[in-house]
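Below is one structure, written out as structure tokens; comments come after it.
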Amino acid sequence: MEGNSPLRPQDFPALKNDTFLRAARGEETEYTPVWCMRQAGRYLPEFRETRAAQDFFATCRSPKMCCELTLQPLRRFPLDAAIIFSDILVVPQALGMEVVMVPGKGPTFPEPLKEVEDLLKLRQKVDVLEELGYVFQAITLTRHSLEGKVPLIGFSGAPWTLMSYMIEGGGSNTMAKAKRWLYRHPEASQRLLQLLRDIIVEYLVGQVAAGAQALQLFESHAGHLGPEQFREFALPHIRDIAKRVKNKLQAEALPLVPMRADGSSCYPPREPGSLCPVCTQGKGESGQELATLASNPSTNTISLWGKACPLPQFAQMHSGASAQLPGAWGRGVRVTQASGAEPKRRGSLCPGVWHLPPWP
């Protein structure tokens, strides 16, 4: 939607496959809906060909390119939802930080936050529409281009995960610098987390206004926190985002879309439903955590979201064994084909994914 596009966040085509959304609401479906976390994905040759044309974040700022990359997997696989092509680090960029994608290294902050005084370099008030409007435009364009085939998911990184990137300067196996901030500067850490929280709320609501039909909040680095740190620096902000997004959607007469908070590496034990009032996730490859959550009466009002690593499935296929995903598909369960899809398997997403049983 570059330039003066006639497309607007209204008059969208009627949705033809609402299985994903019905499962998210806890309704009965004919089968377990599936989507791929790497859906905007690097495992496809056409993705890499498209991406080779320009810088990663330049691609993120091009609604037309984001739309194309979002649609590519749907031309190959019968998935039940699409996730918009973007990146969680567009939020730190909106705060005024520079982020570049370094080949072979990943996202890098040339000038990460080192001292508390560095917080003053961040924009304290962000015009989300001005700074992140290209994401909203991409969502609107993609929603129209999907022609109602499947729902479109929007997303954001959660505060702690974004904070850790901003301090570490990129990926880290330990998050030692970011965790040191929590111990040495707890008040400053909370100020930064609150600043991120406020932007994320506006960002997610803006995505729904643009056409997103479900939301995902990635707290990808939750596993680096101990239980006390998680409860102090991560969980309250995730809960607050979920509550405030719901309230703002109601206040602005926008659809109350399903929202998932992904703390896929959250420190156990986790309280079922504590991350988000709409849905939660059973982690692991065996499906046992998901089975436990599904059988727990306290999760009766929560739609569960499981995930499966593709590597064991490919191994089973290679040995001639049945490539079935883990069981425990209870009410409201959705399955994500998780990260780890190998480029050499790019033309054949695991067939076991398409043979999940319906709910009992």
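Simple scheme: letters A, B, ... for chains in structure tokens order, numbers from 1 for residues in each chain, numbers from 1 for ligands in the order shown.
Look at Ala234 in chain A: the protein and nucleic acid residues within 10 Å of it, using only C-alpha atoms and passing over chain neighbours fewer than 5 places away, are A:Ala158, A:Pro159, A:Trp160, A:Thr161, A:Gln190, A:Leu193, A:Glu219, A:His221, A:Ala222, A:Leu225, A:Glu228, A:Gln229, A:Arg239, A:Gly263, A:Cys266, A:Leu275.
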What residues in range 50-142 of chain A get the DSSP label strand (DSSP E)? Please answer as a PyMOL selection string.
chain A and resi 82-83+100-102+106-108
Residue among A:Gln137, A:Leu69, A:Leu15, A:Val116 lying closest to Arg184 in chain A, counting only C-alpha atoms:
A:Val116
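The two atoms in question, CA of Pro45 in chain A and CA of Phe85 in chain A, are spaced 15.9 Å apart.
Nearest residue to Glu232 in chain A among A:Ala23, A:Leu182, A:Cys60, A:Leu215 is A:Leu182, counting only C-alpha atoms.
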Within 10 Å of Leu119 in chain A, counting only C-alpha atoms, which residues qualify if same-chain residues fewer than 5 places away don't, as a CSV table (one decimal) with C-alpha atoms, in the first residue's frame?
```csv
chain,number,residue,atom,x,y,z
A,113,LEU,CA,21.4,0.9,26.2
A,114,LYS,CA,24.4,0.7,28.6
A,124,GLN,CA,9.2,9.4,25.7
A,188,ALA,CA,14.8,2.3,35.7
A,189,SER,CA,14.0,-1.2,34.4
A,191,ARG,CA,10.3,2.7,33.6
A,192,LEU,CA,11.6,1.2,30.4
```
In Å and to one decimal, CA of Val135 in chain A is distant from CA of Ala209 in chain A by 11.6 Å
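Closest approach to Met65 in chain A among A:Leu21, A:Ala214, A:Leu120, A:Ala53 is made by A:Ala53 (distances from only C-alpha atoms).
Using only C-alpha atoms, the nearest neighbour of Thr19 in chain A within the list A:Lys121, A:Arg76, A:Arg61, A:Lys149 is A:Lys149.
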For Glu130 in chain A, the nearest of the candidates A:Val257, A:His237, A:Gly206, A:Glu117, counting only C-alpha atoms
A:Gly206
